Each structure stands twice: as structure tokens, then as C-alpha cells.
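Enquirer: A single structure is presented below for examination.
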Amino acid sequence: MAIPEEDVARVRASTDIVALISEHAALKRQGTRWVGLCPFHQEKTPSFSVNAEMGVFHCFGCQRSGDAITFVRDVEHVDFVEAVRRLADRAGVTITEDVAVSAERQRRAPLYDVMAKAVDFYHERLLSAPDAGPARDYLRSRGYDGEVVRRFTLGWAPDDWDTLAKHLKVPERVLVDSGLGFVNRRGRQQDAFRARVIFPIFDPSGKAIALGGRVLPSPAGSNGTGVGPKYKNSQDGPIYAKRRTLYGLNWAKHDVVASGEVIVCEGYTDVIAFFLAGLPRAVATCGTALGEEHFRLLRNFARRVVLAYDADAAGEAGASRVYEWERHHEVDVAVAALPPGRDPADLARSDPDALRQAIAGARPFLEFRVQRVLGGADLRSAEGRAKAAEAALEAVVEHPNELVRDPYIMLVADRCRIDPGSLRELAARIAERPAGEHRDGGRRGPRAEAPPPEDEDRVAPPEAYGDPAARPGLEALRLAVHQPELVAHRLEAVLFPEALQRAAFEALADADDLHDAIETAEHDDPRVAGLLRRLAVEEPAADADDVVMTLVRHASRRALAEVEAQARLAPESVAEIAPVTARVRYDLSELDEPERCVQAAERLLAWLVGRGESQNE
Ligand SMILES: [Zn+2]
């Protein structure tokens, strides 16, 4: 059952978050906040903060944040609905069934039905239809016997325009919303899948929600019409969203929970290969890259994620995103040691033992990256070793935790025969490079400062906090959260160069209040929600006028530098640009004049906004 938004809001509003959290942690009043030892991680000095008025908490140690509902969910390990129910009981609030939610369920029910019928239809075709012969041959050649075909409900979509549509006989809306077909220009219903082996995709509970289709490798399976790309997936629709669907999770979940590990691979046949090799805990994304929502789903099942991509694909996985997922979802990401150039599907057929070993020997993501650099380097000459060490350190410094980084610096030192001390210095220099981003908390002093012992499980705060240049933006956001009347009308998104800060500002600007902003952000980008909660337990320290002036000054200087750089590339435009740059320079100097700075800032802001709009056209 789903709970209506108004009821969730009433439950939240009726809950005294300080009283609630006090049942799990001792809180002391400090200014407008309450602080105490974090109930979610081990610590000796309090870094857990609660803002009672706004009903949110944030831990500066483990970065957990949320409201009363997430607190109950995380402390008592229940789902959202159950957490709301418990709080409702506690606060004496009655929850009603949501009419809109039931209407939505009624819209989806026929889609699930029709999808189940389509899966059966295609499955039967594969098992017995004469035209499915080439598909059966192909699957047999991949090592799939009848048992495998039944277990994964594989199917065959015949090489025809509308076999399924004719069989289903459903209204247009249902056919289209389910992704099973469409209506062509002549107004006739047509199938979405044609001449393809069908891999039905199920939700974790086992309900079919979409199809994946693969063409047969040889022309045997088709007469050359309507073939298209090798793999094709259902479009997103009311019952299917690629970004939060993992193929195979319905079959894998028991073994995933039992083993605490999930294998993530690239394709449907890879998933099946792992099952055949005796590792029934593999899942695959459905025609999209592994992302935030996949992790949110996986973390409910396992704490260890093994990427079983081929080595190049794994090497290209964005490191900063992986570390962010590890931190945010408290999972470990490892990379399977697959032999170069082999994918799980062909390895499972030729050498299932090697596949099992690749999973057993999976290495932490950072180790995989460092070994990959060193493995590809020429370590025979001093020059080669120096180059390899620098390249390896570039990977090492991306990790947010110093206590993780250091052993890898030792490893690089050992392999490249370079003194660890000089490598640490080199690593610090690499970390300072602008492109390398700052990973340690600027608020907690320079990187070289050893963290206090109780900080062992601390990880870096969000990027937005790492960079001293980001401070004016953070101050402005803090004011926008706590004293919007002072700044709201004087801030614009263009003033926030840092993406996370800009997103937080936009969330605040678009929302009625902080809760609304956090909730929306929770869907779009949980990092933004985390930043907003953190800001809510902090107090503004700077003067609103100073903050606005500083942001306008910085943004104007950046924009001026861009305009001038463009002028250098296109000298013919100088005459056009000169009056603009002259006016901006004049206004920038006016920012230092106490009587005229407000007007100058307004003019600069108008220019920045106008510029941003013309660039977006
Ligand atoms: Zn904590």
C-alpha cells in the first residue's frame, strides 16, 4: 500500500524529531541545533546534528542525513511505508488510502496482464512453432537446453508485423503503454519486436515488465526485413524504467542475499552464463549504464557489488561515481578479474572454472585500476617506472579516503621502486591540480593533516564542501535555507559555478519550502538532498550583503574572462564586445563603492542572467 503525500506530511509534522532520535542517541542543545554521537557510525566526538525546527538530521562523520521517516527506516531497518506507519502510530495520526494511488494501480494492472500474456505467447512460440527452428538452433549452440529456456522464459518473436497484436487484441493504449507494440501510420496495431529471441525482463517480485530482444546472428532467422540493432529493449513506460531495473534480480535475489554479493554484468546472456556456471547471483542493466537508482535498489540486497565487465569497460567506469556510490550506499565495489577480451558468456561455455575464479578473485575498484596502469606500463627503465608511478597515483588520489589511499601509494612505491615519501609528495601535488578536484574537506584543514583516530571511518564530504572557492556559494545556500527573506530575491542559478550547489539552489528556488526541495531532490539527485539537509543543520555565518557581492563579483569575473577569451579567437568581434566588457569592468569597480555597489551588483546580475539565457537558446 502507498501512503498519500498529505498523510506523510502530517506524520512528519506531528513528529518531534529530537524526542524520536533521543531514544537512540543522547542529544545536547547547541545554539539552534541538537548534537550528539551518531547512531549510525562509531565515533567518540559528536558529529551528529539535528535541526528540530526543520525536522532534519545530518551526520558530518558518515554523511547520513534525513528526516524522521528516514531515521526510523534506517535505525529499525524497515521500508518507507512501514516507517511512516510506525511514526503515525506514535504521533496518533490516522493514515488513509490514497485514491490517486489506486487509480494509478488500476492503470497499471492491465499492463502487467498483457505483458504476462505476451511473455507466455513468445515463450510458447519458441518451444513449439516451426518458424522458431533457427532460434532454437541458435540457443542450443549457446548451450541453452530446454531447461534454461524454461527457467528464463525465453521466447521467439516471429518475423511478422502483428502476430502478437492479433493474439492479444487489446486497446491501443494498453499495447502502446506496455511497450509491446505501436500503431502505424495506417492506424493498424503493429508489434514492437520482430524476428528476435525474447528475454523477458521481470521486476524483483517476478512480474514481467518489459522485453529485451536479440536478433539471430545469421540471416537464417529473418528474410532481411526489420532487423535493426543486435539488442533492442522495451521503451520506458508506466510499468518499466530502465534506470531502476536490473535484469535477473528476480531470480538472483535469494542467492544475492544469502551470499551478500551481487554480480553486475553487461547483458542478458552474461546473466544466464553466471547461473549456468553455478553463480546464480548475477544481474544486468537493460541497455543503460549502471547508475544511482540501480545502486539504491541493490543496497537493499547486498553490500558487495562485483562488476563483471570486460576489463576495458570496467576501466572506463567513472571512478568518482563509483566512490560516491560506495560512500552513499555503503557498498563495496569490486571488479572481477576476467581474462582480457573475454566476456562472461563465452567464458562460461569454454571454462566455467575460470569464470568462478574471476568472481572469487574480484579486487577492490581502486586496486583494479592501479594494477591495470602498472600492468600496462614498462617498468624496466627508471623513466618508465616514474611515468607508471605518476599514472597510477592519478588513480589513487581520486579515492576520497586517505586511509585507503596510503596502502596503494606503498604498493606503487614497491612496484616502481620509488621512495614512498616522495610518492606521497607527488600524490599531494597531483591532488592539487585543478582537474584532479579536491577530495578532502577544506573545512577540516589541509590534506596533510592526519585525521584524529576516531575518524577512521570518515570519508570525504561532498565535493561541494571540499573546495575553498566553493564557500561563498555554500554561505549563500545556507542563507537561502535559513533566512530566505534576506537573499532569495538576489540570487540566480548563474551565480553558482559548482554543479551540486547550483542544483541545490534550483531545488530551493523551485520548491515551496525546504522539505519540498529535499523531497524533489531525493528523486533527482540524492547528493543534492544530502547537501540541503547538511545546510539545514548548519548556521549562516556571513553577512548576506557580503555573500551576494562576492558571488556576483566572482561570477562576473569568470564571465568577463570567457568573453575576452572568445574575443581573442574571433578578433572581428572585438568592436562589438568592447563596450560590453568596458561596462562590466566599470560595474566591477563600482562593487567596491559602498553607496553604489547595490545597483552595480544588480546590473551585473542582469547581465549574467541575460548572458546565460542567450547561451541556452
Ligand atoms: Zn554518522
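Naming scheme: A, B, ... for chains in displayed order of the C-alpha cells; residues 1 onward per chain; ligands 1 onward as shown.
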Residues within 10 Å of ligand 1 (only C-alpha atoms and all ligand atoms), as a count of residues only?
Expert: 22
Enquirer: Can you pull out the residues contacting A:Arg214? Cut-off 8 Å, using only C-alpha atoms, and skip same-chain residues under 2 positions away; I want them as a ChimeraX atom specification.
Expert: /A:196-199,212,216,230-232
Enquirer: For those residues, write N, CA, C and O atoms to a file as an mmCIF file, in the first residue's frame.
Expert:
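Produced file out_28.cif, reproduced below:
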data_model
loop_
_atom_site.group_PDB
_atom_site.id
_atom_site.type_symbol
_atom_site.label_atom_id
_atom_site.label_comp_id
_atom_site.auth_asym_id
_atom_site.auth_seq_id
_atom_site.Cartn_x
_atom_site.Cartn_y
_atom_site.Cartn_z
ATOM 1 N N ARG A 196 13.085 -11.814 -33.346
ATOM 2 C CA ARG A 196 14.077 -11.702 -32.275
ATOM 3 C C ARG A 196 13.847 -12.773 -31.209
ATOM 4 O O ARG A 196 12.709 -13.155 -30.936
ATOM 5 N N VAL A 197 14.974 -13.224 -30.620
ATOM 6 C CA VAL A 197 14.886 -14.045 -29.419
ATOM 7 C C VAL A 197 14.524 -13.098 -28.282
ATOM 8 O O VAL A 197 15.107 -12.023 -28.149
ATOM 9 N N ILE A 198 13.512 -13.492 -27.489
ATOM 10 C CA ILE A 198 12.985 -12.594 -26.459
ATOM 11 C C ILE A 198 13.510 -12.993 -25.077
ATOM 12 O O ILE A 198 13.421 -14.160 -24.676
ATOM 13 N N PHE A 199 14.065 -12.015 -24.380
ATOM 14 C CA PHE A 199 14.478 -12.178 -22.984
ATOM 15 C C PHE A 199 13.524 -11.334 -22.140
ATOM 16 O O PHE A 199 13.698 -10.118 -22.058
ATOM 17 N N GLY A 212 13.479 -7.776 -23.685
ATOM 18 C CA GLY A 212 14.681 -7.498 -24.439
ATOM 19 C C GLY A 212 14.669 -8.456 -25.619
ATOM 20 O O GLY A 212 14.216 -9.589 -25.483
ATOM 21 N N LEU A 216 18.981 -12.918 -34.423
ATOM 22 C CA LEU A 216 19.827 -14.101 -34.602
ATOM 23 C C LEU A 216 21.085 -13.674 -35.339
ATOM 24 O O LEU A 216 21.052 -12.784 -36.174
ATOM 25 N N LYS A 230 21.397 -5.156 -32.826
ATOM 26 C CA LYS A 230 21.517 -6.502 -32.281
ATOM 27 C C LYS A 230 20.583 -6.706 -31.079
ATOM 28 O O LYS A 230 19.854 -7.677 -30.998
ATOM 29 N N TYR A 231 20.621 -5.771 -30.146
ATOM 30 C CA TYR A 231 19.723 -5.849 -28.988
ATOM 31 C C TYR A 231 18.739 -4.705 -29.033
ATOM 32 O O TYR A 231 19.075 -3.592 -29.426
ATOM 33 N N LYS A 232 17.518 -5.017 -28.638
ATOM 34 C CA LYS A 232 16.502 -3.977 -28.580
ATOM 35 C C LYS A 232 15.729 -4.191 -27.284
ATOM 36 O O LYS A 232 15.473 -5.322 -26.890
#
Enquirer: Go through stretch 204-301 of chain A and flag each residue having an atom no more than 10 Å from stretch 322-330 of chain A; for those, report the closest pair of atoms plus their distance in Å to one decimal, using only C-alpha atoms, ordered by chain and rising number, as CSV.
Expert:
residue,atom,partner,partner_atom,distance
A:Leu290,CA,A:Val322,CA,9.9
A:Gly291,CA,A:Trp325,CA,8.8
A:Glu292,CA,A:Trp325,CA,7.2
A:Phe295,CA,A:Trp325,CA,7.1
A:Arg296,CA,A:His329,CA,7.0
A:Leu297,CA,A:His329,CA,9.9
A:Leu298,CA,A:His329,CA,9.1
A:Arg299,CA,A:His329,CA,6.4
A:Asn300,CA,A:His329,CA,9.5
Enquirer: Could you make a table, as a Markdown table, of the residues of stretch 105-221 of chain A that have an atom within 8 Å of an atom of stretch 242-255 of chain A, each with its nearest atom pair and distance in Å to one decimal, counting only C-alpha atoms, in chain and number order?
Expert:
| residue | atom | partner | partner_atom | distance |
| --- | --- | --- | --- | --- |
| A:Ile201 | CA | A:Tyr247 | CA | 5.7 |
| A:Phe202 | CA | A:Asn250 | CA | 6.5 |
| A:Asp203 | CA | A:Asn250 | CA | 6.2 |
| A:Pro204 | CA | A:Asn250 | CA | 4.2 |
| A:Ser205 | CA | A:Asn250 | CA | 5.9 |
| A:Gly206 | CA | A:Asn250 | CA | 5.3 |
Enquirer: Between A:Pro130, A:Pro110, A:Gly213, A:Gly287, which has the minimum distance to A:Asp177 (counting only C-alpha atoms)?
Expert: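 So, comparing all the options, the nearest one is A:Pro110.
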Enquirer: Leaving out stretch 135-150 of chain A and any residue of its chain fewer than 5 positions from it, which residues lie within 8 Å of it when counting only C-alpha atoms, given as a list in words?
Expert: Leu126, Leu127, Gly155, Trp156, Val197, Leu216, Gly221 and Arg349 of chain A
Enquirer: Skip A:Ile17 itself and residues of its chain fewer than 2 positions away, then list as an MDAnalysis selection string all residues within 10 Å of it, counting only C-alpha atoms.
Expert: chainID A and resid 12:15 19:22 50:57 67:69 71
Enquirer: Return as an MDAnalysis selection string the full set of residues in stretch 337-552 of chain A whose backbone-based DSSP assignment is alpha helix (DSSP H).
Expert: chainID A and resid 344:350 352:360 365:375 382:396 402:416 420:432 463:466 471:482 484:487 499:510 514:524 526:536 544:552
Enquirer: Would you mind writing down, as JSON, numbers by chain, each residue of stretch 25-91 of chain A that DSSP on the backbone assigns to strand (DSSP E or B)?
Expert: {"A": [27, 28, 29, 30, 33, 34, 35, 36, 48, 49, 50, 51, 56, 57, 58, 59, 65, 66, 67]}
Enquirer: Just the residues within 7 Å of A:Arg363, please, counting only C-alpha atoms, with nothing from its chain fewer than 3 positions along; format it as a ChimeraX atom specification.
Expert: /A:334-336,367-368
Enquirer: How would the residues just picked look written out with C-alpha atoms as a short mmCIF file (atom, residue, chain, number, x, y, z; two decimals), in the first residue's frame?
Expert:
data_model
loop_
_atom_site.label_atom_id
_atom_site.label_comp_id
_atom_site.auth_asym_id
_atom_site.auth_seq_id
_atom_site.Cartn_x
_atom_site.Cartn_y
_atom_site.Cartn_z
CA ALA A 334 34.94 -4.75 -6.77
CA VAL A 335 35.96 -5.71 -10.29
CA ALA A 336 36.04 -9.33 -11.46
CA GLU A 367 43.22 -1.91 -6.80
CA PHE A 368 41.88 -2.95 -10.19
#
Enquirer: Mind checking which residues fall within 8 Å of stretch 581-595 of chain A, counting only C-alpha atoms, ignoring those fewer than 3 positions away in the same chain, and posting them as a ChimeraX atom specification?
Expert: /A:549,553,556,560,563-564,577-578,598,600-601,603-604
Enquirer: Need the shell around A:Ala83: protein/DNA/RNA residues with any atom at most 8 Å away, counting only C-alpha atoms. Skip same-chain ones fewer than 3 positions apart. Format as JSON, numbers by chain?
Expert: {"A": [69, 70, 72, 73, 78, 79, 80, 86, 87]}
Enquirer: Only N, CA and C atoms, please: the residues just picked out, written as a PDB file, in the first residue's frame.
Expert:
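Contents of again_5.pdb, as written:
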ATOM      1  N   ILE A  69      11.335  10.125   9.085  1.00  0.00           N
ATOM      2  CA  ILE A  69      10.961   8.880   8.404  1.00  0.00           C
ATOM      3  C   ILE A  69      12.205   8.078   8.012  1.00  0.00           C
ATOM      4  N   THR A  70      13.182   8.767   7.403  1.00  0.00           N
ATOM      5  CA  THR A  70      14.394   8.036   7.034  1.00  0.00           C
ATOM      6  C   THR A  70      15.137   7.550   8.278  1.00  0.00           C
ATOM      7  N   VAL A  72      13.814   6.460  11.122  1.00  0.00           N
ATOM      8  CA  VAL A  72      13.182   5.203  11.561  1.00  0.00           C
ATOM      9  C   VAL A  72      13.503   4.074  10.579  1.00  0.00           C
ATOM     10  N   ARG A  73      13.444   4.413   9.296  1.00  0.00           N
ATOM     11  CA  ARG A  73      13.720   3.403   8.270  1.00  0.00           C
ATOM     12  C   ARG A  73      15.119   2.818   8.466  1.00  0.00           C
ATOM     13  N   VAL A  78      13.368  -0.872   8.342  1.00  0.00           N
ATOM     14  CA  VAL A  78      12.061  -1.134   7.731  1.00  0.00           C
ATOM     15  C   VAL A  78      11.961  -0.290   6.474  1.00  0.00           C
ATOM     16  N   ASP A  79      10.954  -0.564   5.636  1.00  0.00           N
ATOM     17  CA  ASP A  79      10.823   0.247   4.430  1.00  0.00           C
ATOM     18  C   ASP A  79      10.082   1.548   4.742  1.00  0.00           C
ATOM     19  N   PHE A  80       9.996   2.377   3.727  1.00  0.00           N
ATOM     20  CA  PHE A  80       9.430   3.708   3.903  1.00  0.00           C
ATOM     21  C   PHE A  80       8.015   3.650   4.473  1.00  0.00           C
ATOM     22  N   ARG A  86       4.814   3.429  11.563  1.00  0.00           N
ATOM     23  CA  ARG A  86       5.254   3.440  12.965  1.00  0.00           C
ATOM     24  C   ARG A  86       5.200   4.839  13.551  1.00  0.00           C
ATOM     25  N   LEU A  87       5.632   5.821  12.748  1.00  0.00           N
ATOM     26  CA  LEU A  87       5.599   7.204  13.235  1.00  0.00           C
ATOM     27  C   LEU A  87       4.156   7.677  13.394  1.00  0.00           C
TER      28      LEU A  87
END
Enquirer: Please indicate the distance in Å from atom CA of A:Ala559 to atom CA of A:Leu474, rounded to one decimal place.
Expert: 20.1 Å
Enquirer: Looking at A:Lys207, A:Val114, A:Asp74, A:Ala195, which one is nearest to A:Ala165, with distances taken over only C-alpha atoms?
Expert: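 The closest residue to A:Ala165 is A:Val114.
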Enquirer: For the atom pair atom CA of A:Phe505 and atom CA of A:Arg490, what is the interatomic distance in Å to one decimal place?
Expert: 12.1 Å
